[in-house]
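The structure appears below as C-alpha cells.
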Amino acid sequence: MNTILLIAEDPSIVEYFSEVLSPCFNLRCAGTEEEGLRAFNGDSQGVVAVLIELALARRSRFAFGEKFSPSSSFSTVPLIAISAALPATEDMDCIEHGFYDLITAYAPPQLIHKRINNAIRASDSLSLSQLEKMLKQLPACIFLKDTECRYVFSTQYWHHINTGDDPDWTIRGKTDLDIRKDRDNALKAMAADRRILETGEGTEYIIEENEDGILDYLQLIKRPVYDDDGKVSGIIALINNITDYQLLKMELEKRAKTDALTGLLNKHAAQDLVRMMLPAAHKRDERCALLMIDIDLFKQVNDTFGHAEGDRVLAEVGRIITNSCRALDVAGRIGGDEFMVFMRGIDAPENAVQLGNRLSDLVKRAFQDDKLEGRVSLSIGAAVFPEHGKDFDALFQSADAALYYAKKHGRDAVKLYAGD
C-alpha cells in the first residue's frame with residue numbers, strides 16, 4: 001500500500017485526515033516540518049504524497065515547499081496543503097510556493113481521495129516532462145502517440161514538419177497529417193500506426209525525406225504500448241537519422257553492381273537484369289536485341305602503349321555506350337574488353353545494327369588526332385528476341401556467335417545473327 005506523509009500539529013486535522021486516508025494509504029505522521037523532513041529523508045520509499053498543514057507552511061514562509069521544486073530530488077512527490085477551515089482567497093498563494101493543491105476538512109472523503117490521486121498522477125506527468133527534457137539530449141527522436149494516432153510528446157522537432165514558425169508551437173494533440181510537409185510519408189506513418197493499434201505488432205521502416213533542399217533517410221522503429229489490462233493504449237517510437245549509413249549502403253550496393261572503370265553494370269548485374277526483363281517482354285510481345293561488343297586487338301594496345309592507355313580506351317568506350325543507349329536499355333561491361341547492350345522495344349532487327357554502327361563510328365572518332373588513331377575499333381554481334389533466342393542463355397549464344405563471325409571475318413564490323 002502507498003504511503004502518505006502527514007505533517008500537522010492541529011489534532012483535529014490529524015484525526016480527520018487519518019480517518020479518511022487510512023483505508024487506502026499507509027500514514028506516517030509528523031508534528032513539525034523539521035520532523036517531517038527527517039522522516040522523508042530517512043525513508044522516502046513508497047511515499048506518494050506529502051500533506052502539510054497550511055498554518056505550518058505559512059509560519060515557515062513556505063520553506064518546506066521550496067524543497068519540492070521541479071529541480072529538487074523531492075519533485076516527483078506532490079505537496080498538498082491541508083486546512084481545518086474553508087480556504088480564503090489569499091490561502092491559494094500556496095500554489096505559487098510549490099503546492100499542488102489545497103484541501104480542507106470540509107471536503108467529502110471521496111473528493112479528498114480523488115484530488116490526492118489526481119496530484120499523484122500529475123506528479124507522474126511532471127516526471128515524464130523531466131524525462132522528456134533528458135531525452136532531448138539524445139541525437140535520436142523518441143515520441144509517443146495515443147490511440148487516435150495523435151502525438152503525446154516528441155523529443156525533437158525536425159525540419160520535415162510544419163511548426164508555423166511559432167515559438168510556442170507544440171506537437172501535442174496533432175497527427176502526422178497535421179504536421180508533415182510530405183503527405184505521402186504522413187499517410188505511410190498513419191497507416192503503420194493503425195496496423196500497430198489493430199494488431200499489437202510493432203514495425204520498422206525507412207523513409208526518404210527531401211525538404212528544404214536537405215535529403216534525409218529516417219529509420220522509424222515503432223512498438224505498441226499496453227495498459228494494465230493488456231490493451232494497446234498507444235505507440236512509442238524511435239526515429240534515427242541514418243542518412244550517412246544509407247548513402248554509404250547505396251554507394252556500396254552501386255559499387256557491387258557497377259564496373260568501377262566505366263560506370264556500366266558489371267557482368268552479373270547486367271545479365272541478371274536482362275534475365276528479369278525477358279519474361280515481361282515476352283508477355284508484351286515485345287521485340288528486343290542483345291549486342292555483344294569486343295574491342296579489337298585490345299591486348300596490343302595494352303602491350304604497346306601500356307595499361308594506362310588501355311584503361312583510357314575502356315573508359316571512353318564505356319562513356320560512348322552510356323551516352324548512346326536509351327534509359328530503358330541495359331549496358332554492361334562483362335569482361336576485360338567485352339561489353340553488352342540489351343535494347344528493349346525495338347521496331348526491327350535493323351535497330352540493333354544501326355546502334356552497332358553508331359557505336360563503331362563514335363569510338364573511331366574518339367581517337368582521331370590521337371596516338372591511338374586507327375588502332376581502336378569494335379567487333380559487334382547482335383541477336384534478336386525472340387527470333388534468335390527465347391531466354392537469355394539462348395539469346396546470348398546467338399549474339400556471341402554473331403560476334404565470333406565478325407571477328408573471324410576481319411573485325412571492325414557489325415554482324416546480325418543469321419542462324420546456324
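In the C-alpha cells, each chain is lettered A, B, ... as it comes, each chain's residues begin at 1, and ligands are numbered from 1 in order of appearance.
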
| task | Skip Arg61 (chain A) itself and residues of its chain fewer than 3 positions away, then list as a PyMOL selection string all residues within 12 Å of it, counting only C-alpha atoms. | result | chain A and resi 33+54-58+64-66+93-94+96-98

If we count only C-alpha atoms and set the cut-off at 7 Å, which residues sit around Met292 (chain A), ignoring sequence neighbours fewer than 4 positions away in its own chain? Please answer as a PDB file with N, CA and C atoms, in the first residue's frame.
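Contents of the output file around.pdb:
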ATOM      1  N   PHE A 339      31.784  -5.958 -73.801  1.00  0.00           N
ATOM      2  CA  PHE A 339      30.627  -5.186 -73.356  1.00  0.00           C
ATOM      3  C   PHE A 339      29.370  -5.823 -73.931  1.00  0.00           C
ATOM      4  N   MET A 340      28.227  -5.479 -73.346  1.00  0.00           N
ATOM      5  CA  MET A 340      26.951  -5.919 -73.903  1.00  0.00           C
ATOM      6  C   MET A 340      25.930  -4.808 -73.750  1.00  0.00           C
ATOM      7  N   VAL A 341      24.999  -4.764 -74.705  1.00  0.00           N
ATOM      8  CA  VAL A 341      23.879  -3.817 -74.649  1.00  0.00           C
ATOM      9  C   VAL A 341      22.607  -4.587 -74.949  1.00  0.00           C
ATOM     10  N   ILE A 380      31.122  -6.341 -83.309  1.00  0.00           N
ATOM     11  CA  ILE A 380      29.832  -6.406 -82.620  1.00  0.00           C
ATOM     12  C   ILE A 380      28.981  -7.510 -83.234  1.00  0.00           C
ATOM     13  N   GLY A 381      28.395  -8.329 -82.366  1.00  0.00           N
ATOM     14  CA  GLY A 381      27.435  -9.334 -82.790  1.00  0.00           C
ATOM     15  C   GLY A 381      26.090  -9.049 -82.156  1.00  0.00           C
ATOM     16  N   ALA A 382      25.019  -9.208 -82.915  1.00  0.00           N
ATOM     17  CA  ALA A 382      23.679  -8.881 -82.423  1.00  0.00           C
ATOM     18  C   ALA A 382      22.731 -10.043 -82.654  1.00  0.00           C
ATOM     19  N   ALA A 399      24.005 -14.057 -80.014  1.00  0.00           N
ATOM     20  CA  ALA A 399      24.765 -12.815 -80.175  1.00  0.00           C
ATOM     21  C   ALA A 399      26.268 -13.091 -80.152  1.00  0.00           C
ATOM     22  N   ASP A 400      26.685 -14.026 -79.302  1.00  0.00           N
ATOM     23  CA  ASP A 400      28.101 -14.369 -79.211  1.00  0.00           C
ATOM     24  C   ASP A 400      28.577 -15.044 -80.494  1.00  0.00           C
ATOM     25  N   LEU A 403      29.103 -12.340 -82.980  1.00  0.00           N
ATOM     26  CA  LEU A 403      30.344 -11.633 -82.660  1.00  0.00           C
ATOM     27  C   LEU A 403      31.550 -12.436 -83.153  1.00  0.00           C
TER      28      LEU A 403
END

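Considering only C-alpha atoms, the residue among A:Val274, A:Glu253, A:Thr147, A:Ala63 positioned nearest to Pro224 (chain A) is A:Thr147.
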
Quick one: which region 126-169 of chain A residues come within 7 Å of region 178-202 of chain A, and what is the nearest atom pair for each with the distance in Å to one decimal, counting only C-alpha atoms, rows ordered by chain and ascending number, as a tab-separated table?
residue	atom	partner	partner_atom	distance
A:Thr147	CA	A:Leu197	CA	6.9
A:Cys149	CA	A:Asp193	CA	6.6
A:His160	CA	A:Lys181	CA	6.0
A:Ile161	CA	A:Arg180	CA	4.5
A:Asn162	CA	A:Ile179	CA	5.1

With C-alpha atoms kept, could you save the residues just selected as a compact mmCIF listing (two decimals), in the first residue's frame?
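File produced: again_35.txt:
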# COMPACT_ATOMS: atom_id res chain seq x y z
CA THR A 147 -4.85 5.52 -29.74
CA CYS A 149 -2.54 8.48 -33.65
CA HIS A 160 10.32 17.97 -42.06
CA ILE A 161 7.35 19.27 -40.07
CA ASN A 162 5.30 22.44 -40.19

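Across the structure, CA of Tyr405 (chain A) and CA of Gly310 (chain A) are spaced 24.5 Å apart.
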
| task | For region 347-358 of chain A, list every protein, DNA or RNA residue within 10 Å, evaluated using only C-alpha atoms, and leave out those in the same chain fewer than 2 positions away; present the list as number ranges by chain. | result | A: 286-293, 320-321, 324-325, 341-345, 360-363, 378-385, 387, 412-417

For those residues, write N, CA and C atoms to a file as a compact mmCIF listing (two decimals), in the first residue's frame.
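In the end it all went to selection.txt:
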# COMPACT_ATOMS: atom_id res chain seq x y z
N GLU A 286 7.04 -8.12 -77.04
CA GLU A 286 7.97 -7.04 -77.35
C GLU A 286 9.24 -7.61 -77.97
N ARG A 287 9.69 -7.00 -79.04
CA ARG A 287 10.94 -7.43 -79.66
C ARG A 287 12.10 -6.69 -79.01
N CYS A 288 13.18 -7.42 -78.75
CA CYS A 288 14.36 -6.85 -78.10
C CYS A 288 15.60 -7.32 -78.86
N ALA A 289 16.76 -6.76 -78.47
CA ALA A 289 18.01 -7.16 -79.12
C ALA A 289 19.14 -7.16 -78.10
N LEU A 290 20.08 -8.08 -78.31
CA LEU A 290 21.26 -8.15 -77.46
C LEU A 290 22.49 -7.97 -78.34
N LEU A 291 23.33 -6.99 -77.97
CA LEU A 291 24.57 -6.73 -78.70
C LEU A 291 25.75 -7.14 -77.83
N MET A 292 26.64 -7.96 -78.40
CA MET A 292 27.90 -8.32 -77.76
C MET A 292 29.01 -7.54 -78.45
N ILE A 293 29.85 -6.85 -77.67
CA ILE A 293 30.82 -5.91 -78.21
C ILE A 293 32.22 -6.25 -77.70
N ILE A 320 30.89 6.17 -74.32
CA ILE A 320 30.14 6.21 -75.59
C ILE A 320 28.91 5.31 -75.52
N ILE A 321 29.08 4.12 -74.97
CA ILE A 321 27.95 3.20 -74.84
C ILE A 321 26.86 3.83 -73.96
N SER A 324 25.00 6.56 -75.75
CA SER A 324 24.29 6.13 -76.96
C SER A 324 23.05 5.30 -76.64
N CYS A 325 22.95 4.80 -75.42
CA CYS A 325 21.82 3.95 -75.06
C CYS A 325 20.65 4.76 -74.49
N VAL A 341 25.00 -4.76 -74.71
CA VAL A 341 23.88 -3.82 -74.65
C VAL A 341 22.61 -4.59 -74.95
N PHE A 342 21.63 -4.44 -74.08
CA PHE A 342 20.32 -5.06 -74.30
C PHE A 342 19.35 -3.94 -74.64
N MET A 343 18.76 -4.02 -75.85
CA MET A 343 17.83 -3.00 -76.33
C MET A 343 16.39 -3.49 -76.17
N ARG A 344 15.59 -2.71 -75.49
CA ARG A 344 14.18 -3.08 -75.30
C ARG A 344 13.32 -2.35 -76.33
N GLY A 345 12.23 -3.01 -76.70
CA GLY A 345 11.21 -2.37 -77.52
C GLY A 345 11.69 -1.87 -78.87
N SER A 360 30.43 1.97 -83.33
CA SER A 360 31.71 1.80 -84.01
C SER A 360 32.26 3.13 -84.52
N ASP A 361 31.37 3.92 -85.14
CA ASP A 361 31.80 5.22 -85.69
C ASP A 361 32.25 6.16 -84.57
N LEU A 362 31.50 6.22 -83.48
CA LEU A 362 31.84 7.12 -82.39
C LEU A 362 33.17 6.75 -81.73
N VAL A 363 33.42 5.45 -81.60
CA VAL A 363 34.68 5.01 -81.00
C VAL A 363 35.86 5.40 -81.89
N LEU A 378 35.73 -1.71 -83.07
CA LEU A 378 34.84 -2.64 -82.37
C LEU A 378 34.37 -3.74 -83.31
N SER A 379 34.25 -4.93 -82.76
CA SER A 379 33.53 -6.02 -83.41
C SER A 379 32.26 -6.26 -82.60
N ILE A 380 31.12 -6.34 -83.31
CA ILE A 380 29.83 -6.41 -82.62
C ILE A 380 28.98 -7.51 -83.23
N GLY A 381 28.40 -8.33 -82.37
CA GLY A 381 27.43 -9.33 -82.79
C GLY A 381 26.09 -9.05 -82.16
N ALA A 382 25.02 -9.21 -82.92
CA ALA A 382 23.68 -8.88 -82.42
C ALA A 382 22.73 -10.04 -82.65
N ALA A 383 21.82 -10.22 -81.73
CA ALA A 383 20.76 -11.23 -81.86
C ALA A 383 19.46 -10.62 -81.38
N VAL A 384 18.35 -11.11 -81.94
CA VAL A 384 17.03 -10.51 -81.68
C VAL A 384 16.15 -11.48 -80.90
N PHE A 385 15.47 -10.92 -79.91
CA PHE A 385 14.50 -11.69 -79.12
C PHE A 385 13.11 -11.42 -79.68
N GLU A 387 13.27 -14.12 -81.87
CA GLU A 387 13.62 -14.93 -83.03
C GLU A 387 14.89 -15.74 -82.82
N ASP A 412 36.21 -5.18 -86.91
CA ASP A 412 35.68 -3.84 -87.23
C ASP A 412 34.39 -3.96 -88.04
N ALA A 413 33.43 -4.72 -87.49
CA ALA A 413 32.19 -4.97 -88.23
C ALA A 413 31.05 -5.24 -87.25
N VAL A 414 29.85 -5.06 -87.77
CA VAL A 414 28.63 -5.38 -87.02
C VAL A 414 27.93 -6.51 -87.73
N LYS A 415 27.68 -7.60 -87.03
CA LYS A 415 27.08 -8.78 -87.65
C LYS A 415 25.80 -9.15 -86.91
N LEU A 416 24.68 -9.30 -87.64
CA LEU A 416 23.43 -9.77 -87.07
C LEU A 416 23.36 -11.27 -87.23
N TYR A 417 22.96 -11.93 -86.19
CA TYR A 417 22.91 -13.39 -86.20
C TYR A 417 22.02 -13.87 -87.33

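A straight line drawn from CA of Asp10 (chain A) to CA of Ala85 (chain A) is 11.5 Å long.
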
With region 234-241 of chain A as the partner and 12 Å as the cut-off, tabulate the residues of region 93-179 of chain A that qualify, each row holding the nearest pair of atoms and their distance in Å to one decimal, using only C-alpha atoms, sorted by chain and rising number, as JSON lines.
{"residue": "A:Leu135", "atom": "CA", "partner": "A:Leu238", "partner_atom": "CA", "distance": 11.1}
{"residue": "A:Leu138", "atom": "CA", "partner": "A:Asn240", "partner_atom": "CA", "distance": 10.2}
{"residue": "A:Pro139", "atom": "CA", "partner": "A:Asn240", "partner_atom": "CA", "distance": 7.8}
{"residue": "A:Ala140", "atom": "CA", "partner": "A:Asn240", "partner_atom": "CA", "distance": 5.0}
{"residue": "A:Cys141", "atom": "CA", "partner": "A:Ile239", "partner_atom": "CA", "distance": 4.9}
{"residue": "A:Ile142", "atom": "CA", "partner": "A:Leu238", "partner_atom": "CA", "distance": 4.6}
{"residue": "A:Phe143", "atom": "CA", "partner": "A:Ala237", "partner_atom": "CA", "distance": 5.5}
{"residue": "A:Leu144", "atom": "CA", "partner": "A:Ile236", "partner_atom": "CA", "distance": 4.5}
{"residue": "A:Lys145", "atom": "CA", "partner": "A:Ile235", "partner_atom": "CA", "distance": 5.0}
{"residue": "A:Asp146", "atom": "CA", "partner": "A:Gly234", "partner_atom": "CA", "distance": 4.3}
{"residue": "A:Thr147", "atom": "CA", "partner": "A:Gly234", "partner_atom": "CA", "distance": 5.0}
{"residue": "A:Glu148", "atom": "CA", "partner": "A:Gly234", "partner_atom": "CA", "distance": 8.2}
{"residue": "A:Cys149", "atom": "CA", "partner": "A:Gly234", "partner_atom": "CA", "distance": 7.8}
{"residue": "A:Arg150", "atom": "CA", "partner": "A:Gly234", "partner_atom": "CA", "distance": 9.2}
{"residue": "A:Tyr151", "atom": "CA", "partner": "A:Ile235", "partner_atom": "CA", "distance": 9.2}
{"residue": "A:Val152", "atom": "CA", "partner": "A:Gly234", "partner_atom": "CA", "distance": 9.3}
{"residue": "A:Phe153", "atom": "CA", "partner": "A:Ile236", "partner_atom": "CA", "distance": 9.9}
{"residue": "A:Ser154", "atom": "CA", "partner": "A:Ala237", "partner_atom": "CA", "distance": 9.4}
{"residue": "A:Thr155", "atom": "CA", "partner": "A:Leu238", "partner_atom": "CA", "distance": 9.9}
{"residue": "A:Gln156", "atom": "CA", "partner": "A:Ile239", "partner_atom": "CA", "distance": 9.5}
{"residue": "A:Tyr157", "atom": "CA", "partner": "A:Ile239", "partner_atom": "CA", "distance": 11.2}
{"residue": "A:Trp158", "atom": "CA", "partner": "A:Asn241", "partner_atom": "CA", "distance": 10.3}

Let me see the file: selected residues, C-alpha atoms, as a compact mmCIF listing (two decimals), in the first residue's frame.
# COMPACT_ATOMS: atom_id res chain seq x y z
CA LEU A 135 15.68 12.51 -23.86
CA LEU A 138 19.86 12.21 -27.49
CA PRO A 139 20.53 12.52 -31.23
CA ALA A 140 17.55 10.25 -31.93
CA CYS A 141 13.92 11.35 -31.67
CA ILE A 142 11.60 9.50 -29.29
CA PHE A 143 7.87 10.12 -29.48
CA LEU A 144 4.65 8.79 -28.00
CA LYS A 145 1.22 8.65 -29.64
CA ASP A 146 -2.24 7.87 -28.28
CA THR A 147 -4.85 5.52 -29.74
CA GLU A 148 -6.03 8.25 -32.10
CA CYS A 149 -2.54 8.48 -33.65
CA ARG A 150 -2.06 11.89 -32.03
CA TYR A 151 1.31 12.89 -30.61
CA VAL A 152 1.58 12.95 -26.83
CA PHE A 153 5.16 14.21 -26.90
CA SER A 154 8.22 14.24 -29.11
CA THR A 155 11.78 14.87 -28.01
CA GLN A 156 12.82 16.50 -31.30
CA TYR A 157 11.14 18.82 -33.79
CA TRP A 158 12.83 18.07 -37.12
